[in-house]
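Colleague: Quick one: the structure is below, and I'll ask about it shortly.
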Amino acid sequence: MRQRTRLSVGALLTMALVLTGLVLRRREVLALALPLLVYTGALALAGLWTVGPRLVVSRRLESHRLQEDTPLQVTLTIRNEGRSVPFLGCTDLVPASVGVIDGQRSCLSPLAAGETASISYAVRPARGEHVFRCASVICFGPLALPGSELELPCEDRVFVLPRVENLEEIDIRPRQTRVYSGTVRANLGGVGTDFFGCRDYAPGDDVRRINWRVYARRDTLVVNEHEQERIADVSVILDARERANLRLGEPGPFTYCVRAAASLAVHFLAAGNHVGLLIYGDLLDWTYPGYGRTQRERILDALARANPVDKVVFEDLRHIPTRLFPPRSQLVVVSPLCDQDDVEVLGTLRARGYQIILVSPNPFTLALATPTPEHALALRILRLRRVLLLSTLAGIGVQVVDWDLNQPLAWPVAHLLSRHGRRGR
Amino acid sequence: MRQVACVLFVLGSVALSAATLSTASLVPPVTSCAALLAGLWIVLLVRRTGVRSLTSTLVLFVALSVIVALAGGLPYLVVAATILALFGWDTALTARAIDPFPPVDKRRLARRQLLKVLSLGGGGFALAACALEWRTRLRFSTTLGLGLASLVVLGIGFRSLIGRRGE
């Protein structure tokens, strides 16, 4: 394009000078046109020299799926299958959302016929899907005269999954569990590790489970029961409403919400549970519940694509489709919360028999470093309001994790949701 | 490269001002106009503005050169000024084109650019000098043909420029 600009401008000026010289019959003006004519002619020749270069571009990404904050090495190779190019500039067109952290994404060098040039650089892409579409090439003719400019397609995609934090232990107690054995205490007597209670001996009971001390005292056979451990249905709900995720600082609270949802879902899946994910915001993005690694990847894929959206329909949490969740199962809500309506909705869910864990990233921990007195007062009011909302929820039996975003999620989770943490309090 | 573009254009302005020394009445207006254009050029380069602004400045400079040539300015200096301004503009465009490349590679291209300025500029100047020295008379048909060909090229050039803006 730049070569065309030069050529057009050169030709226009030359011809304008020639015409002026001819009309006015002044050789001085005609003489002025000659250097421009030489320049334009040289440009046209350079354009012919570099016309249609046969270049083959290929890009190699170190990985096509990676976690947030992981550097990605990109290597772009350009091979000249035509005649030699005196100077070839090649720039890899990196998506705007991808930041180059090391190396150069462009090179400018002579490229003889059959030769190969390569560019290597590292990027740190943000969460989401990024498409590397093409490489921009500019060929310079002899004497650095710009020739053809091309955009050579070489599409590559990279999928950046949210960062997953290792969580030690989360003790959940849903009222209903699945029939398969797992790690969640089911509030039912049977085979397990924790003592649950005693009952009269029935024929067929294991003799080793007879409580001999009770037999010695009462002369009746009583067997010990342990609490059954099963897997549970866990539904993670990510609040992707823009009004709940205030844009304070970078990364904003939503990034933390996504990381928390990913960490929790991965943790519950690793414990063998049946986990589903609902992203509530743009539309009801429901990842059907499942087990194992495939489900882990499905959930992480859905979370990688999640973005906060402002939709009137989903302005409050009233439209959470409860029919998607198994009755009396465990719900894990990840939301910064915003008003009393949200508290009411969670209260209704609790009343329907769901066990609820609310992980609430505290957006005010990301607030301005040097607030004005007005900002400070507003922040104080908002903080008080938040404390009030969370204490209301705790009062109706919701397990609340108020997450200070300056700390890792594992800390409040270990303190508030693990068995040991609760005992310590 | 930007500094080179800047120096070339400013030298062009100085040469154009010097070309008016033969006619004293032309010195103040032409010098002030040339200084204004040189100042504008520096501002445009520093602010890294688009190609259109740079091209407009070049066109203004060429127009000023024509006026000086018609008003009886020293023809060799006018030609030299035009050549310097033209290659200043070309260098500025090249600098824009190679902005994203590493500095080491840019230096190599800058040497070629200098070679280009010297060879094409020198060639152009020599040709213009020949034209100024050798007096020839064109026949009416030759002049008409040349004029018509210029008009056609002018039309094509305009169309190409306007068409690209629409893209």
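Labeling convention for the structure tokens: chains A, B, ... as they appear, residues from 1 per chain, ligands from 1 in order of appearance.
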If you run DSSP on the backbone here, which positions in segment 342-379 of chain A get alpha helix (DSSP H)? Please write them as a ChimeraX atom specification.
Modeller: /A:342-351,373-379
Colleague: Check the DSSP output for the backbone and give back, as number ranges by chain, the residues of segment 24-117 of chain A in strand (DSSP E).
Modeller: A: 55-61, 65-67, 72-80, 85-92, 98-103, 106-111, 116-117
Colleague: Need the shell around Gly82 of chain A: protein/DNA/RNA residues with any atom at most 6 Å away, counting only C-alpha atoms. Skip same-chain ones fewer than 6 positions apart. Format as a list in words?
Modeller: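 Listing them by chain and then by number gives Pro53, Arg54 and Ala113 of chain A.
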Colleague: Write to file, as a PDB file, in the first residue's frame, the residues of the selection just made, with C-alpha atoms.
Modeller:
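To be explicit, this is the file written out as part.pdb:
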```
ATOM      1  CA  PRO A  53       7.171 -13.229  -4.254  1.00  0.00           C
ATOM      2  CA  ARG A  54       6.586 -16.883  -3.406  1.00  0.00           C
ATOM      3  CA  ALA A 113      15.968 -17.831  -2.892  1.00  0.00           C
TER       4      ALA A 113
END
```
Colleague: Which neighbours of Phe132 of chain A fall inside 7 Å, counting only C-alpha atoms, when residues of the same chain fewer than 2 positions from it are skipped, and could you give them as a short mmCIF file (atom, residue, chain, number, x, y, z; two decimals) with N, CA and C atoms, in the first residue's frame?
Modeller:
```cif
data_model
loop_
_atom_site.label_atom_id
_atom_site.label_comp_id
_atom_site.auth_asym_id
_atom_site.auth_seq_id
_atom_site.Cartn_x
_atom_site.Cartn_y
_atom_site.Cartn_z
N LEU A 93 1.37 -10.58 13.05
CA LEU A 93 0.26 -9.76 13.56
C LEU A 93 -0.35 -10.45 14.78
N VAL A 94 0.07 -9.98 15.93
CA VAL A 94 -0.35 -10.58 17.19
C VAL A 94 -1.70 -9.97 17.59
N PRO A 95 -2.65 -10.78 18.09
CA PRO A 95 -3.92 -10.19 18.53
C PRO A 95 -3.69 -9.12 19.60
N HIS A 130 -7.62 -16.73 21.64
CA HIS A 130 -6.92 -15.74 20.83
C HIS A 130 -6.59 -16.36 19.46
N CYS A 134 -2.55 -13.69 10.62
CA CYS A 134 -1.62 -13.67 9.49
C CYS A 134 -0.33 -12.93 9.82
N GLU A 155 -3.26 -19.10 10.12
CA GLU A 155 -4.12 -18.99 11.30
C GLU A 155 -3.75 -20.02 12.37
N ASP A 156 -3.70 -19.53 13.59
CA ASP A 156 -3.44 -20.39 14.74
C ASP A 156 -4.29 -19.90 15.89
N ARG A 157 -4.74 -20.83 16.71
CA ARG A 157 -5.56 -20.45 17.86
C ARG A 157 -4.91 -20.90 19.13
#
```
Colleague: Do a neighbour search on segment 279-291 of chain A at 10 Å with only C-alpha atoms, toss out local chain neighbours closer than 6 positions, and write the hits as number ranges by chain.
Modeller: A: 233-244, 258, 261, 268-273, 298-299, 301-303, 306-317, 319-321, 324-325, 334
Colleague: Emit the selected residues as a compact mmCIF listing (two decimals), in the first residue's frame, including N, CA and C atoms.
Modeller:
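See result_26.txt below for the written result:
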```txt
# COMPACT_ATOMS: atom_id res chain seq x y z
N ASP A 233 -23.71 -34.16 44.23
CA ASP A 233 -23.95 -33.27 43.08
C ASP A 233 -23.56 -31.87 43.50
N VAL A 234 -22.62 -31.29 42.79
CA VAL A 234 -22.19 -29.92 43.11
C VAL A 234 -22.42 -29.05 41.88
N SER A 235 -23.14 -27.96 42.07
CA SER A 235 -23.35 -27.03 40.96
C SER A 235 -22.67 -25.72 41.29
N VAL A 236 -21.72 -25.34 40.44
CA VAL A 236 -21.01 -24.07 40.64
C VAL A 236 -21.73 -23.01 39.82
N ILE A 237 -22.11 -21.91 40.46
CA ILE A 237 -22.80 -20.82 39.76
C ILE A 237 -21.87 -19.61 39.74
N LEU A 238 -21.51 -19.19 38.54
CA LEU A 238 -20.64 -18.00 38.42
C LEU A 238 -21.51 -16.80 38.04
N ASP A 239 -21.44 -15.78 38.85
CA ASP A 239 -22.22 -14.57 38.61
C ASP A 239 -21.46 -13.70 37.60
N ALA A 240 -21.96 -13.65 36.36
CA ALA A 240 -21.28 -12.87 35.32
C ALA A 240 -22.08 -11.61 34.98
N ARG A 241 -22.82 -11.09 35.94
CA ARG A 241 -23.55 -9.84 35.69
C ARG A 241 -22.57 -8.67 35.84
N GLU A 242 -22.67 -7.75 34.91
CA GLU A 242 -21.71 -6.63 34.95
C GLU A 242 -21.93 -5.77 36.19
N ARG A 243 -23.20 -5.63 36.60
CA ARG A 243 -23.48 -4.76 37.75
C ARG A 243 -22.94 -5.35 39.05
N ALA A 244 -22.74 -6.66 39.08
CA ALA A 244 -22.18 -7.27 40.29
C ALA A 244 -20.66 -7.21 40.29
N VAL A 258 -13.78 -15.78 38.21
CA VAL A 258 -13.55 -16.91 37.28
C VAL A 258 -12.51 -17.86 37.87
N ALA A 261 -14.13 -19.83 40.64
CA ALA A 261 -15.04 -20.86 40.12
C ALA A 261 -14.24 -22.03 39.56
N PHE A 268 -13.68 -29.97 43.41
CA PHE A 268 -14.79 -30.92 43.61
C PHE A 268 -14.71 -32.08 42.62
N LEU A 269 -14.26 -31.80 41.42
CA LEU A 269 -14.10 -32.89 40.44
C LEU A 269 -13.00 -33.85 40.87
N ALA A 270 -11.92 -33.30 41.41
CA ALA A 270 -10.81 -34.15 41.86
C ALA A 270 -11.25 -35.06 43.01
N ALA A 271 -12.25 -34.60 43.76
CA ALA A 271 -12.76 -35.44 44.85
C ALA A 271 -13.79 -36.44 44.34
N GLY A 272 -14.00 -36.50 43.06
CA GLY A 272 -14.87 -37.50 42.45
C GLY A 272 -16.33 -37.09 42.36
N ASN A 273 -16.65 -35.84 42.64
CA ASN A 273 -18.05 -35.41 42.64
C ASN A 273 -18.58 -35.17 41.22
N ARG A 298 -14.14 -29.34 30.10
CA ARG A 298 -15.35 -28.65 29.64
C ARG A 298 -15.61 -27.40 30.48
N ILE A 299 -15.48 -27.57 31.77
CA ILE A 299 -15.74 -26.44 32.68
C ILE A 299 -14.71 -25.33 32.48
N ASP A 301 -13.03 -24.72 29.79
CA ASP A 301 -13.30 -24.09 28.48
C ASP A 301 -14.40 -23.04 28.62
N ALA A 302 -15.47 -23.43 29.32
CA ALA A 302 -16.60 -22.50 29.50
C ALA A 302 -16.15 -21.27 30.29
N LEU A 303 -15.33 -21.49 31.29
CA LEU A 303 -14.86 -20.36 32.11
C LEU A 303 -13.90 -19.46 31.34
N ALA A 306 -15.88 -16.96 29.48
CA ALA A 306 -16.84 -16.14 30.24
C ALA A 306 -16.42 -14.68 30.30
N ASN A 307 -17.41 -13.81 30.14
CA ASN A 307 -17.17 -12.36 30.24
C ASN A 307 -18.35 -11.72 30.95
N PRO A 308 -18.12 -10.65 31.71
CA PRO A 308 -19.26 -10.01 32.36
C PRO A 308 -20.13 -9.28 31.34
N VAL A 309 -21.43 -9.43 31.48
CA VAL A 309 -22.36 -8.86 30.50
C VAL A 309 -23.49 -8.15 31.24
N ASP A 310 -23.95 -7.07 30.62
CA ASP A 310 -25.05 -6.31 31.21
C ASP A 310 -26.32 -6.65 30.44
N LYS A 311 -27.18 -7.48 31.04
CA LYS A 311 -28.45 -7.86 30.38
C LYS A 311 -29.58 -7.56 31.36
N VAL A 312 -30.61 -6.89 30.85
CA VAL A 312 -31.72 -6.51 31.73
C VAL A 312 -32.40 -7.75 32.30
N VAL A 313 -32.53 -8.78 31.48
CA VAL A 313 -33.23 -10.00 31.92
C VAL A 313 -32.54 -10.61 33.14
N PHE A 314 -31.22 -10.59 33.12
CA PHE A 314 -30.48 -11.22 34.22
C PHE A 314 -29.94 -10.18 35.21
N GLU A 315 -30.72 -9.13 35.40
CA GLU A 315 -30.26 -8.06 36.28
C GLU A 315 -30.13 -8.55 37.72
N ASP A 316 -31.06 -9.40 38.15
CA ASP A 316 -30.91 -9.98 39.49
C ASP A 316 -30.85 -11.50 39.37
N LEU A 317 -30.67 -12.15 40.51
CA LEU A 317 -30.44 -13.61 40.46
C LEU A 317 -31.75 -14.41 40.44
N HIS A 319 -33.66 -15.26 38.15
CA HIS A 319 -33.88 -16.19 37.02
C HIS A 319 -32.92 -17.37 37.03
N ILE A 320 -32.31 -17.64 38.15
CA ILE A 320 -31.46 -18.85 38.22
C ILE A 320 -32.38 -20.07 38.05
N PRO A 321 -32.13 -20.88 37.05
CA PRO A 321 -33.05 -22.00 36.79
C PRO A 321 -32.81 -23.17 37.76
N LEU A 324 -32.39 -27.03 36.99
CA LEU A 324 -31.14 -27.63 36.50
C LEU A 324 -30.39 -28.36 37.62
N PHE A 325 -30.61 -27.93 38.85
CA PHE A 325 -29.84 -28.50 39.96
C PHE A 325 -30.61 -29.64 40.61
N VAL A 334 -20.43 -18.20 43.20
CA VAL A 334 -19.26 -17.30 43.20
C VAL A 334 -19.74 -15.95 42.70
```
Colleague: If you count only C-alpha atoms, which residues fall within 9 Å of segment 121-124 of chain B, apart from same-chain ones fewer than 2 positions away, as a compact mmCIF listing (two decimals) with C-alpha atoms, in the first residue's frame?
Modeller:
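Written file, result-v4.txt:
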```txt
# COMPACT_ATOMS: atom_id res chain seq x y z
CA LEU A 34 12.72 15.06 -14.33
CA PRO A 35 14.01 14.05 -10.84
CA LEU A 36 10.44 13.06 -9.96
CA LEU A 37 10.25 11.04 -13.17
CA VAL A 38 13.49 9.21 -12.26
CA TYR A 39 12.14 8.48 -8.78
CA VAL B 79 15.82 21.42 -8.59
CA ALA B 80 18.12 20.49 -5.70
CA ILE B 83 15.00 16.55 -4.85
CA LEU B 84 15.87 16.99 -1.17
CA PHE B 87 13.73 12.17 -0.62
CA LYS B 116 19.12 5.34 -2.88
CA VAL B 117 19.01 9.05 -2.06
CA LEU B 118 22.49 9.57 -3.48
CA SER B 119 22.02 7.54 -6.66
CA ALA B 126 22.04 15.29 -13.62
CA LEU B 127 19.06 14.76 -15.91
CA ALA B 128 17.50 18.06 -14.87
CA ALA B 129 20.86 19.81 -15.39
```
Colleague: Considering only C-alpha atoms, tabulate each residue of segment 110-182 of chain A that lies at most 10 Å from segment 395-412 of chain A along with its nearest interatomic pair and the corresponding distance in Å to one decimal; arrange the rows by chain and ascending residue number and present them as CSV.
Modeller:
```
residue,atom,partner,partner_atom,distance
A:Glu165,CA,A:Ala410,CA,7.2
A:Asn166,CA,A:Ala410,CA,7.0
A:Leu167,CA,A:Ala410,CA,5.2
A:Glu168,CA,A:Ala410,CA,7.2
A:Glu169,CA,A:Ala410,CA,9.2
A:Ile172,CA,A:Gln399,CA,9.7
```
Colleague: Using only C-alpha atoms, what does the table of chain A residues within 8 Å of chain B look like, with each row giving the shortest atom pair and its distance in Å to one decimal, sorted by chain and ascending number, as JSON lines?
Modeller:
```
{"residue": "A:Arg2", "atom": "CA", "partner": "B:Leu93", "partner_atom": "CA", "distance": 7.6}
{"residue": "A:Thr5", "atom": "CA", "partner": "B:Leu161", "partner_atom": "CA", "distance": 7.3}
{"residue": "A:Arg6", "atom": "CA", "partner": "B:Asp90", "partner_atom": "CA", "distance": 7.6}
{"residue": "A:Ser8", "atom": "CA", "partner": "B:Gly157", "partner_atom": "CA", "distance": 5.0}
{"residue": "A:Val9", "atom": "CA", "partner": "B:Gly157", "partner_atom": "CA", "distance": 7.4}
{"residue": "A:Ala11", "atom": "CA", "partner": "B:Gly157", "partner_atom": "CA", "distance": 6.5}
{"residue": "A:Leu12", "atom": "CA", "partner": "B:Leu154", "partner_atom": "CA", "distance": 5.2}
{"residue": "A:Leu13", "atom": "CA", "partner": "B:Val59", "partner_atom": "CA", "distance": 7.6}
{"residue": "A:Met15", "atom": "CA", "partner": "B:Ser150", "partner_atom": "CA", "distance": 4.8}
{"residue": "A:Ala16", "atom": "CA", "partner": "B:Leu154", "partner_atom": "CA", "distance": 7.1}
{"residue": "A:Val18", "atom": "CA", "partner": "B:Ser150", "partner_atom": "CA", "distance": 6.9}
{"residue": "A:Leu19", "atom": "CA", "partner": "B:Gly147", "partner_atom": "CA", "distance": 5.8}
{"residue": "A:Leu22", "atom": "CA", "partner": "B:Gly147", "partner_atom": "CA", "distance": 7.0}
{"residue": "A:Arg26", "atom": "CA", "partner": "B:Leu70", "partner_atom": "CA", "distance": 7.6}
{"residue": "A:Arg27", "atom": "CA", "partner": "B:Leu132", "partner_atom": "CA", "distance": 6.9}
{"residue": "A:Glu28", "atom": "CA", "partner": "B:Ala69", "partner_atom": "CA", "distance": 6.1}
{"residue": "A:Val29", "atom": "CA", "partner": "B:Val66", "partner_atom": "CA", "distance": 6.2}
{"residue": "A:Ala31", "atom": "CA", "partner": "B:Ala128", "partner_atom": "CA", "distance": 4.8}
{"residue": "A:Leu32", "atom": "CA", "partner": "B:Val79", "partner_atom": "CA", "distance": 5.6}
{"residue": "A:Leu34", "atom": "CA", "partner": "B:Ala128", "partner_atom": "CA", "distance": 5.7}
{"residue": "A:Pro35", "atom": "CA", "partner": "B:Gly124", "partner_atom": "CA", "distance": 3.8}
{"residue": "A:Leu36", "atom": "CA", "partner": "B:Gly124", "partner_atom": "CA", "distance": 7.3}
{"residue": "A:Leu37", "atom": "CA", "partner": "B:Gly124", "partner_atom": "CA", "distance": 7.9}
{"residue": "A:Val38", "atom": "CA", "partner": "B:Gly124", "partner_atom": "CA", "distance": 5.8}
{"residue": "A:Tyr39", "atom": "CA", "partner": "B:Leu120", "partner_atom": "CA", "distance": 6.4}
{"residue": "A:Ala42", "atom": "CA", "partner": "B:Leu120", "partner_atom": "CA", "distance": 8.0}
{"residue": "A:Phe87", "atom": "CA", "partner": "B:Leu109", "partner_atom": "CA", "distance": 7.8}
{"residue": "A:Gly89", "atom": "CA", "partner": "B:Phe101", "partner_atom": "CA", "distance": 7.6}
{"residue": "A:Thr91", "atom": "CA", "partner": "B:Pro100", "partner_atom": "CA", "distance": 7.6}
{"residue": "A:Gln104", "atom": "CA", "partner": "B:Pro102", "partner_atom": "CA", "distance": 7.1}
{"residue": "A:Ser106", "atom": "CA", "partner": "B:Phe101", "partner_atom": "CA", "distance": 5.4}
{"residue": "A:Cys107", "atom": "CA", "partner": "B:Phe101", "partner_atom": "CA", "distance": 5.6}
{"residue": "A:Leu108", "atom": "CA", "partner": "B:Asp105", "partner_atom": "CA", "distance": 5.4}
{"residue": "A:Ser109", "atom": "CA", "partner": "B:Asp105", "partner_atom": "CA", "distance": 6.5}
{"residue": "A:Leu143", "atom": "CA", "partner": "B:Lys116", "partner_atom": "CA", "distance": 5.1}
{"residue": "A:Ala144", "atom": "CA", "partner": "B:Arg112", "partner_atom": "CA", "distance": 5.5}
{"residue": "A:Leu145", "atom": "CA", "partner": "B:Lys116", "partner_atom": "CA", "distance": 7.7}
{"residue": "A:Pro146", "atom": "CA", "partner": "B:Thr94", "partner_atom": "CA", "distance": 7.9}
```
Colleague: With C-alpha atoms retained, export the selected residues as a PDB file, in the first residue's frame.
Modeller:
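Below you can see part.pdb, which holds the result:
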```
ATOM      1  CA  ARG A   2       2.819   2.385   0.852  1.00  0.00           C
ATOM      2  CA  THR A   5       1.123   5.771  -2.306  1.00  0.00           C
ATOM      3  CA  ARG A   6       4.640   6.674  -3.392  1.00  0.00           C
ATOM      4  CA  SER A   8       0.746   7.573  -7.188  1.00  0.00           C
ATOM      5  CA  VAL A   9       2.162  10.694  -5.579  1.00  0.00           C
ATOM      6  CA  ALA A  11       3.357  10.063 -10.930  1.00  0.00           C
ATOM      7  CA  LEU A  12       0.874  12.790 -10.037  1.00  0.00           C
ATOM      8  CA  LEU A  13       3.531  15.353  -9.223  1.00  0.00           C
ATOM      9  CA  MET A  15       2.653  14.811 -14.652  1.00  0.00           C
ATOM     10  CA  ALA A  16       1.385  17.978 -12.981  1.00  0.00           C
ATOM     11  CA  VAL A  18       5.045  18.377 -17.079  1.00  0.00           C
ATOM     12  CA  LEU A  19       1.618  19.827 -17.842  1.00  0.00           C
ATOM     13  CA  LEU A  22       4.059  22.616 -21.321  1.00  0.00           C
ATOM     14  CA  ARG A  26       8.866  27.045 -19.200  1.00  0.00           C
ATOM     15  CA  ARG A  27      11.766  24.624 -19.305  1.00  0.00           C
ATOM     16  CA  GLU A  28      12.615  25.293 -15.631  1.00  0.00           C
ATOM     17  CA  VAL A  29       9.345  23.684 -14.630  1.00  0.00           C
ATOM     18  CA  ALA A  31      13.320  20.288 -15.598  1.00  0.00           C
ATOM     19  CA  LEU A  32      11.765  20.050 -12.131  1.00  0.00           C
ATOM     20  CA  LEU A  34      12.721  15.060 -14.327  1.00  0.00           C
ATOM     21  CA  PRO A  35      14.012  14.050 -10.844  1.00  0.00           C
ATOM     22  CA  LEU A  36      10.437  13.058  -9.959  1.00  0.00           C
ATOM     23  CA  LEU A  37      10.251  11.043 -13.171  1.00  0.00           C
ATOM     24  CA  VAL A  38      13.491   9.215 -12.261  1.00  0.00           C
ATOM     25  CA  TYR A  39      12.142   8.477  -8.776  1.00  0.00           C
ATOM     26  CA  ALA A  42      12.753   3.511 -10.145  1.00  0.00           C
ATOM     27  CA  PHE A  87      15.207  -6.814   1.964  1.00  0.00           C
ATOM     28  CA  GLY A  89      10.370  -7.176   6.487  1.00  0.00           C
ATOM     29  CA  THR A  91       5.821  -8.816  11.193  1.00  0.00           C
ATOM     30  CA  GLN A 104      10.816  -9.351  18.607  1.00  0.00           C
ATOM     31  CA  SER A 106       9.287  -8.705  13.420  1.00  0.00           C
ATOM     32  CA  CYS A 107      12.458  -8.995  11.400  1.00  0.00           C
ATOM     33  CA  LEU A 108      13.987  -7.158   8.472  1.00  0.00           C
ATOM     34  CA  SER A 109      16.676  -8.956   6.502  1.00  0.00           C
ATOM     35  CA  LEU A 143      18.259   0.362  -3.160  1.00  0.00           C
ATOM     36  CA  ALA A 144      15.658  -0.168  -0.412  1.00  0.00           C
ATOM     37  CA  LEU A 145      12.858   0.792  -2.762  1.00  0.00           C
ATOM     38  CA  PRO A 146       9.625  -0.512  -1.284  1.00  0.00           C
TER      39      PRO A 146
END
```
Colleague: For atom CA of Arg230 of chain A and atom CA of His274 of chain A, quote the distance in Å rounded to one decimal.
Modeller: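 Pair atom CA of Arg230 of chain A / atom CA of His274 of chain A returns 10.9 Å.
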Colleague: Find the distance between atom CA of Ala126 of chain A and atom CA of Leu264 of chain A and write it in Å to one decimal.
Modeller: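 Atom-to-atom, atom CA of Ala126 of chain A and atom CA of Leu264 of chain A are spaced 20.4 Å apart.
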Colleague: What does the distance between atom CA of Pro125 of chain A and atom CA of Val98 of chain A come to in Å, to one decimal place?
Modeller: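 Separation between atom CA of Pro125 of chain A and atom CA of Val98 of chain A: 4.5 Å.
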Colleague: Rank A:Val184, A:Tyr215, A:Ser360, A:Leu349 by their smallest atom-to-atom distance to Cys257 of chain A, using only C-alpha atoms, and report the top residue only.
Modeller: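 Of the candidates, the smallest distance to Cys257 of chain A is held by A:Ser360.
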